[in-house]
Structures are given as structure tokens and as C-alpha cells.
>>> print(open('start.tsv').read())   # TSV, C-alpha atoms and all ligand atoms
chain	number	residue	atom	x	y	z
F	28	MET	CA	5.57	79.44	16.58
F	29	ASN	CA	8.28	77.16	15.14
F	30	GLU	CA	11.43	79.08	14.17
F	31	ASN	CA	11.44	77.88	10.55
F	32	ILE	CA	7.78	78.78	10.11
F	33	THR	CA	8.52	82.21	11.58
F	34	LEU	CA	11.35	82.74	9.08
F	35	ARG	CA	9.07	81.72	6.23
F	36	ASN	CA	6.20	83.89	7.50
F	37	ARG	CA	8.47	86.91	7.83
F	38	LYS	CA	9.46	86.67	4.16
F	39	LEU	CA	5.94	85.90	3.00
F	40	ALA	CA	4.50	88.79	5.01
F	41	ALA	CA	6.98	91.19	3.34
F	42	LYS	CA	5.61	90.05	-0.02
F	43	VAL	CA	1.97	90.49	1.08
F	44	ILE	CA	2.74	93.97	2.49
F	45	LYS	CA	4.35	95.01	-0.80
F	46	GLY	CA	1.23	93.77	-2.60
F	47	LEU	CA	-1.04	95.72	-0.26
F	48	GLU	CA	0.98	98.89	-0.79
F	49	SER	CA	0.62	98.52	-4.56
F	50	ARG	CA	-3.16	98.58	-3.95
F	51	GLN	CA	-3.19	101.72	-1.76
F	52	MET	CA	-3.56	99.67	1.41
F	53	THR	CA	-1.15	99.48	4.36
F	54	GLY	CA	0.34	96.31	5.80
F	55	PHE	CA	2.12	95.53	9.06
F	56	TYR	CA	3.65	92.33	10.34
F	57	ALA	CA	3.56	91.20	13.97
F	58	GLU	CA	5.67	88.30	15.21
F	59	THR	CA	3.27	87.57	18.08
F	60	LYS	CA	-0.33	88.17	19.09
F	61	GLU	CA	0.92	90.61	21.75
F	62	GLU	CA	2.82	92.59	19.13
F	63	ALA	CA	-0.30	92.64	16.93
F	64	LEU	CA	-2.38	93.98	19.81
F	65	ALA	CA	0.17	96.72	20.51
F	66	LYS	CA	0.25	97.73	16.83
F	67	ALA	CA	-3.56	97.84	16.62
F	68	LEU	CA	-3.76	100.05	19.71
F	69	GLU	CA	-1.09	102.31	18.24
F	70	LEU	CA	-3.20	102.72	15.08
F	71	ILE	CA	-6.53	103.39	16.86
F	72	PRO	CA	-6.42	106.68	18.78
F	73	GLU	CA	-8.20	106.79	22.14
F	74	GLY	CA	-11.67	108.30	21.82
F	75	SER	CA	-12.29	106.63	18.45
F	76	SER	CA	-15.61	104.99	17.69
F	77	VAL	CA	-14.93	101.37	16.82
F	78	SER	CA	-17.11	98.59	15.49
F	79	MET	CA	-16.45	95.13	14.16
F	80	GLY	CA	-17.77	92.24	12.11
F	81	GLY	CA	-17.64	88.78	13.61
F	82	GLY	CA	-13.84	88.50	13.43
F	83	MET	CA	-12.50	85.73	15.66
F	84	SER	CA	-8.94	86.94	15.07
F	85	VAL	CA	-9.81	90.33	16.59
F	86	HIS	CA	-10.88	88.51	19.76
F	87	GLU	CA	-7.93	86.11	19.67
F	88	ILE	CA	-5.32	88.87	19.94
F	89	GLY	CA	-7.33	90.42	22.80
F	90	LEU	CA	-8.21	93.59	20.87
F	91	ALA	CA	-12.00	93.51	21.33
F	92	ASP	CA	-11.67	93.27	25.14
F	93	LYS	CA	-9.06	96.05	25.27
F	94	LEU	CA	-11.33	98.38	23.30
F	95	LYS	CA	-14.42	97.52	25.34
F	96	ASP	CA	-12.54	98.23	28.57
F	97	GLY	CA	-10.59	101.24	27.32
F	98	ASN	CA	-11.25	104.84	26.43
F	99	TYR	CA	-13.04	104.11	23.16
F	100	ASN	CA	-16.60	104.28	21.93
F	101	PHE	CA	-16.92	100.56	21.20
F	102	ILE	CA	-20.11	99.76	19.29
F	103	ASP	CA	-20.96	96.26	20.48
F	104	ARG	CA	-23.72	95.12	18.14
F	105	ASP	CA	-24.58	92.19	20.43
F	106	ALA	CA	-25.61	94.73	23.06
F	107	TYR	CA	-28.10	96.41	20.72
F	108	GLU	CA	-31.67	95.17	20.57
F	109	ASP	CA	-32.13	97.19	17.41
F	110	LYS	CA	-29.50	95.68	15.09
F	111	ARG	CA	-30.28	98.25	12.42
F	112	GLU	CA	-29.28	101.03	14.81
F	113	ALA	CA	-25.96	99.27	15.48
F	114	MET	CA	-25.45	98.79	11.76
F	115	LEU	CA	-25.99	102.47	11.00
F	116	LEU	CA	-23.59	103.47	13.79
F	117	THR	CA	-21.05	101.07	12.31
F	118	TYR	CA	-21.18	102.76	8.92
F	119	ASP	CA	-20.39	106.06	10.61
F	120	CYS	CA	-17.59	104.83	12.89
F	121	ASP	CA	-13.90	105.76	12.86
F	122	PHE	CA	-12.59	102.18	12.73
F	123	PHE	CA	-14.15	98.94	11.56
F	124	LEU	CA	-12.31	95.80	12.68
F	125	SER	CA	-12.44	92.56	10.82
F	126	SER	CA	-10.50	89.53	9.80
F	127	CYS	CA	-10.66	88.16	6.29
F	128	ASN	CA	-11.40	84.70	4.98
F	129	ALA	CA	-8.24	84.74	2.89
F	130	ILE	CA	-5.56	87.06	1.53
F	131	THR	CA	-3.38	86.49	-1.50
F	132	GLU	CA	0.40	86.75	-1.56
F	133	ASP	CA	0.00	89.91	-3.64
F	134	GLY	CA	-2.41	91.57	-1.23
F	135	VAL	CA	-5.95	90.85	-2.45
F	136	LEU	CA	-8.47	90.31	0.36
F	137	VAL	CA	-11.33	87.81	0.05
F	138	ASN	CA	-14.42	87.81	2.26
F	139	ILE	CA	-17.73	86.02	2.13
F	140	ASP	CA	-20.81	87.08	4.01
F	141	GLY	CA	-24.39	86.07	4.67
F	142	ASN	CA	-25.95	89.28	5.99
F	143	ALA	CA	-23.42	91.50	4.19
F	144	ASN	CA	-22.92	93.71	7.25
F	145	ARG	CA	-19.21	92.91	7.22
F	146	VAL	CA	-18.52	93.17	3.50
F	147	SER	CA	-20.61	96.33	3.13
F	148	ALA	CA	-18.66	98.07	5.94
F	149	ILE	CA	-15.39	97.00	4.33
F	150	CYS	CA	-16.52	98.59	1.06
F	151	GLN	CA	-17.78	101.89	2.39
F	152	GLY	CA	-18.78	103.82	5.49
F	153	PRO	CA	-16.24	103.49	8.31
F	154	LYS	CA	-13.36	105.95	8.00
F	155	HIS	CA	-10.78	103.19	8.52
F	156	VAL	CA	-10.89	99.42	8.18
F	157	LEU	CA	-8.36	97.39	10.15
F	158	PHE	CA	-7.92	93.71	9.39
F	159	ILE	CA	-6.26	91.28	11.81
F	160	VAL	CA	-5.08	88.33	9.76
F	161	GLY	CA	-3.19	85.19	10.80
F	162	MET	CA	-0.56	83.98	8.34
F	163	ASN	CA	-2.59	80.77	8.00
F	164	LYS	CA	-4.92	82.74	5.69
F	165	VAL	CA	-2.32	83.64	3.06
F	166	CYS	CA	-3.04	81.89	-0.25
F	167	ASP	CA	-1.16	81.82	-3.57
F	168	ASP	CA	-3.75	83.66	-5.62
F	169	VAL	CA	-7.43	84.65	-5.83
F	170	ASP	CA	-8.48	81.15	-6.91
F	171	GLY	CA	-6.75	79.67	-3.87
F	172	ALA	CA	-8.26	82.36	-1.66
F	173	MET	CA	-11.78	81.66	-2.93
F	174	LYS	CA	-11.25	77.94	-2.39
F	175	ARG	CA	-10.08	78.61	1.14
F	176	ALA	CA	-13.05	80.88	1.84
F	177	ARG	CA	-15.55	78.32	0.55
F	178	ASN	CA	-13.95	75.10	1.76
F	179	VAL	CA	-12.34	76.07	5.05
F	180	ALA	CA	-13.80	79.28	6.47
F	181	ALA	CA	-17.43	78.91	5.39
F	182	PRO	CA	-18.00	75.29	6.51
F	183	ILE	CA	-16.43	75.98	9.92
F	184	ASN	CA	-18.57	79.10	10.35
F	185	ALA	CA	-21.69	77.21	9.25
F	186	GLN	CA	-20.92	74.52	11.82
F	187	ARG	CA	-20.15	77.15	14.47
F	188	PHE	CA	-23.57	78.76	14.04
F	189	GLY	CA	-25.41	75.43	13.71
F	190	LEU	CA	-26.65	76.26	10.23
F	191	SER	CA	-28.43	73.84	8.01
F	192	THR	CA	-26.12	73.89	5.01
F	193	PRO	CA	-24.56	70.98	3.10
F	194	CYS	CA	-21.06	72.06	4.17
F	195	SER	CA	-22.06	71.73	7.82
F	196	SER	CA	-22.23	67.98	7.30
F	197	THR	CA	-19.69	67.42	4.50
F	198	GLY	CA	-17.03	69.94	5.63
F	199	SER	CA	-16.63	71.35	2.13
F	200	CYS	CA	-18.58	73.61	-0.16
F	201	MET	CA	-21.42	72.12	-2.19
F	202	ASN	CA	-22.27	75.46	-3.85
F	203	CYS	CA	-25.66	75.43	-2.16
F	204	LYS	CA	-28.65	77.73	-2.37
F	205	SER	CA	-29.81	76.71	1.06
F	206	PRO	CA	-31.85	79.39	2.90
F	207	ASP	CA	-29.19	79.18	5.60
F	208	THR	CA	-26.27	79.75	3.24
F	209	ILE	CA	-23.63	82.17	4.50
F	210	CYS	CA	-22.29	82.60	0.99
F	211	CYS	CA	-24.62	85.35	-0.22
F	212	GLN	CA	-21.93	87.89	-1.01
F	213	PHE	CA	-18.32	87.41	-2.12
F	214	LEU	CA	-16.11	90.46	-1.76
F	215	ILE	CA	-12.74	90.66	-3.50
F	216	THR	CA	-10.89	93.79	-2.38
F	217	ARG	CA	-8.19	94.38	-4.97
F	218	PHE	CA	-7.65	98.13	-4.52
F	219	SER	CA	-8.58	100.89	-2.10
F	220	ARG	CA	-9.74	104.04	-3.86
F	221	HIS	CA	-9.10	105.93	-0.62
F	222	LYS	CA	-5.41	105.54	0.08
F	223	ASP	CA	-4.61	103.86	3.41
F	224	ARG	CA	-8.26	103.60	4.49
F	225	ILE	CA	-7.61	99.86	4.75
F	226	SER	CA	-4.81	98.46	6.91
F	227	VAL	CA	-3.87	94.86	7.56
F	228	ILE	CA	-1.91	93.50	10.51
F	229	LEU	CA	-0.51	90.11	9.53
F	230	VAL	CA	0.20	87.94	12.54
F	231	ASN	CA	2.77	85.16	12.74
F	232	ASP	CA	0.20	82.76	14.17
F	233	ASN	CA	-2.82	80.68	13.21
F	234	LEU	CA	-5.83	82.88	13.86
F	235	GLY	CA	-9.49	82.31	13.13
F	236	PHE	CA	-10.40	79.85	10.42
C	1	LIG	S1	-22.26	77.84	-0.67
C	1	LIG	FE1	-23.41	76.62	0.84
C	1	LIG	S2	-22.28	74.69	0.96
C	1	LIG	FE2	-20.91	76.19	0.03
C	1	LIG	S3	-19.73	76.98	1.77
C	1	LIG	FE3	-21.48	78.36	1.38
C	1	LIG	S4	-23.05	77.66	2.80
C	1	LIG	FE4	-21.56	76.02	2.60
>>> encode(input="start.tsv", output="C-alpha cells")
Amino acid sequence: MNENITLRNRKLAAKVIKGLESRQMTGFYAETKEEALAKALELIPEGSSVSMGGGMSVHEIGLADKLKDGNYNFIDRDAYEDKREAMLLTYDCDFFLSSCNAITEDGVLVNIDGNANRVSAICQGPKHVLFIVGMNKVCDDVDGAMKRARNVAAPINAQRFGLSTPCSSTGSCMNCKSPDTICCQFLITRFSRHKDRISVILVNDNLGF
């Protein structure tokens, strides 16, 4: 990462972390993907049951592979024929891993979801939720975060899964009600009732989309 961007990200991350703390959430900043991986492994004790939504960032720092290969009970929903069984195990797990679609400078997390498995687990169920978030996802405010979620994250995800939505062809949100829409639920996490249930590792890198 360019030195000037790193300097900027360091200062911006401090602001985001302060915002998270004001909302009973915990923030950490990692200068590299390797540092982010080490911090995540420090936070997740061996023997924990761990599940995840479809977070690319979790894969990009190498965390999913480490957990699959390590001394953890990793609930890999792709390996389950019965997705409902995997979902119920997820709600009861020690750690749920995710990225977010956007985060504001004052620590509000924004996520959109089609099936709602991710946003529902963020809201309730898993004992801890750990977000891995590239600094590319930091937005000025909730409006900016919603715009990012709908015009950057959602179209790329729709294209990735080959969905038949307007944004798959236009690249930006057309506020559709297509049966394939992935924008069924919008979750704005502005406070954690359970102090420090939610942690965020901000990474000085471009992760996910
Ligand atoms: S509402 Fe429809 S067009 Fe807009 S981002 Fe979601 S899926 Fe795409």
C-alpha cells in the first residue's frame, strides 16, 4: 500500500475505531493482511465453533483456510446438503465472520442481503461477530454507505452470482424488485446492545467489493 494512503488510513481508522467504541463495538486496525490474520486468530480461541457469511475479505486475508485447517469447529455451509441445519448451527456458534458492504467514519455498519442469513446472524445468535473490513469500504456517512452498498457491492455480487438483475447489466442500482434481487434486507448496525459482541478489524488494503 502506498505510504501516503497508509498514513491517511491510519488516521481514518482511528476515527472509525472511536466511533465503534461509542456504539459498544470494538475496533482494531491492521496495517497488512498478515497482521489482520494474526489479530483475528488472537481473538478466536482454539476450539471455538466458527461460521461465516459469504465474506470475500475473510478469504482474502487467509482466515477461512486457517480456521478450516486448524483446531476449530468450522461450520462450512457449502459442505452441508441441508442448508437449514448449517444455518441453525451458525446461530449457535461462538464466532460469526463477515465483511460489511460499507462502514461509516463514525462506526455504523451497513449490510445488504438476499437470503438474510448474514444479516440475521449479525443481529442475533452467534456469541461474537467479527468483521474483516478493507479501508476501501469506509464512507463519510450512512447515505454514502448505502450508496456504496447499492451501487458498488450489490452490482458486483449480482454479476458474480450471474443473477438476472438490472444492476448486473448497468453496473448500478435500479432499485429493482426483480425475483433475483439481492437487496431484500438492509441492515444498519448503529449500536450493539451486548457490549463488545461485535468487533471489526479494519485492514489497510482494498478487500472485497
Ligand atoms: S435493488 Fe436490484 S438493481 Fe439495485 S442493487 Fe439490488 S439487485 Fe441490483
>>> closest_residue(input="start.tsv", among="F:Arg177, F:Arg220, F:His86, F:Arg50", to="Asp140 of chain F", atoms="all atoms listed in the file")
F:Arg177
>>> residues_around(input="start.tsv", residues="Ile139 of chain F", least_positions_apart="2", cutoff="7 Å", atoms="only C-alpha atoms", output="list in words")
Val137, Ala176, Cys210, Gln212, Phe213 and Leu214 of chain F
>>> axis_aligned_box(input="start.tsv", around="ligand LIG 1 (chain C)", padding_each_side="6 Å", output="JSON")
{"center_x": -21.6, "center_y": 76.5, "center_z": 1.1, "size_x": 15.7, "size_y": 15.7, "size_z": 15.5}
>>> residues_near_ligand(input="start.tsv", ligand="ligand LIG 1 (chain C)", cutoff="10 Å", atoms="all atoms listed in the file", output="PyMOL selection string")
chain F and resi 139-141+174-186+190-212
>>> residues_around(input="start.tsv", residues="Asn29 of chain F", least_positions_apart="6", cutoff="12 Å", atoms="all atoms listed in the file", output="ChimeraX atom specification")
/F:35-36,58-59,231-233
>>> closest_residue(input="start.tsv", among="F:Asp121, F:Asp109, F:Glu48, F:Asp170", to="Val77 of chain F", atoms="only C-alpha atoms")
F:Asp121
>>> atom_distance(input="start.tsv", atom1="atom CA of Tyr107 of chain F", atom2="atom CA of Ala148 of chain F")
17.6 Å
>>> residues_near_point(input="start.tsv", point="(-11.9, 104.0, 18.7)", cutoff="9 Å", atoms="all atoms listed in the file", output="list in words")
Ile71, Pro72, Glu73, Gly74, Ser75, Ser76, Val77, Ser78, Leu94, Asn98, Tyr99, Asn100, Phe101, Cys120, Asp121 and Phe122 of chain F
>>> closest_residue(input="start.tsv", among="F:Val135, F:Leu70, F:Ala91, F:Cys127", to="Asp167 of chain F", atoms="only C-alpha atoms")
F:Val135
>>> residues_around(input="start.tsv", residues="Val156 of chain F", least_positions_apart="2", cutoff="6 Å", atoms="only C-alpha atoms", output="VMD selection string")
chain F and resid 122 to 124 225
>>> write_last_selection(input="start.tsv", atoms="C-alpha atoms", output="mmCIF file, in the coordinates of the input")
data_model
loop_
_atom_site.group_PDB
_atom_site.id
_atom_site.type_symbol
_atom_site.label_atom_id
_atom_site.label_comp_id
_atom_site.auth_asym_id
_atom_site.auth_seq_id
_atom_site.Cartn_x
_atom_site.Cartn_y
_atom_site.Cartn_z
ATOM 1 C CA PHE F 122 -12.590 102.180 12.730
ATOM 2 C CA PHE F 123 -14.150 98.940 11.560
ATOM 3 C CA LEU F 124 -12.310 95.800 12.680
ATOM 4 C CA ILE F 225 -7.610 99.860 4.750
#
>>> closest_residue(input="start.tsv", among="F:Ala65, F:Cys166, F:Phe158, F:Ala57", to="Thr33 of chain F", atoms="all atoms listed in the file")
F:Ala57
>>> residues_near_point(input="start.tsv", point="(7.1, 87.7, 4.0)", cutoff="12 Å", atoms="only C-alpha atoms", output="mmCIF file with C-alpha atoms, in the frame of the given file")
data_model
loop_
_atom_site.group_PDB
_atom_site.id
_atom_site.type_symbol
_atom_site.label_atom_id
_atom_site.label_comp_id
_atom_site.auth_asym_id
_atom_site.auth_seq_id
_atom_site.Cartn_x
_atom_site.Cartn_y
_atom_site.Cartn_z
ATOM 1 C CA ILE F 32 7.780 78.780 10.110
ATOM 2 C CA THR F 33 8.520 82.210 11.580
ATOM 3 C CA LEU F 34 11.350 82.740 9.080
ATOM 4 C CA ARG F 35 9.070 81.720 6.230
ATOM 5 C CA ASN F 36 6.200 83.890 7.500
ATOM 6 C CA ARG F 37 8.470 86.910 7.830
ATOM 7 C CA LYS F 38 9.460 86.670 4.160
ATOM 8 C CA LEU F 39 5.940 85.900 3.000
ATOM 9 C CA ALA F 40 4.500 88.790 5.010
ATOM 10 C CA ALA F 41 6.980 91.190 3.340
ATOM 11 C CA LYS F 42 5.610 90.050 -0.020
ATOM 12 C CA VAL F 43 1.970 90.490 1.080
ATOM 13 C CA ILE F 44 2.740 93.970 2.490
ATOM 14 C CA LYS F 45 4.350 95.010 -0.800
ATOM 15 C CA GLY F 46 1.230 93.770 -2.600
ATOM 16 C CA GLY F 54 0.340 96.310 5.800
ATOM 17 C CA PHE F 55 2.120 95.530 9.060
ATOM 18 C CA TYR F 56 3.650 92.330 10.340
ATOM 19 C CA ALA F 57 3.560 91.200 13.970
ATOM 20 C CA GLU F 58 5.670 88.300 15.210
ATOM 21 C CA THR F 131 -3.380 86.490 -1.500
ATOM 22 C CA GLU F 132 0.400 86.750 -1.560
ATOM 23 C CA ASP F 133 0.000 89.910 -3.640
ATOM 24 C CA GLY F 134 -2.410 91.570 -1.230
ATOM 25 C CA MET F 162 -0.560 83.980 8.340
ATOM 26 C CA VAL F 165 -2.320 83.640 3.060
ATOM 27 C CA LEU F 229 -0.510 90.110 9.530
ATOM 28 C CA VAL F 230 0.200 87.940 12.540
ATOM 29 C CA ASN F 231 2.770 85.160 12.740
#
>>> closest_residue(input="start.tsv", among="F:Ile159, F:Pro153, F:Asn142, F:Arg224", to="Thr117 of chain F", atoms="all atoms listed in the file")
F:Pro153
>>> atom_distance(input="start.tsv", atom1="atom CA of Leu136 of chain F", atom2="atom CA of Ala172 of chain F")
8.2 Å
>>> atom_distance(input="start.tsv", atom1="atom CA of Glu112 of chain F", atom2="atom CA of Gly97 of chain F")
22.5 Å
>>> closest_residue(input="start.tsv", among="F:Asp92, F:Asp105, F:Glu61, F:Glu30", to="Gly80 of chain F", atoms="all atoms listed in the file")
F:Asp105
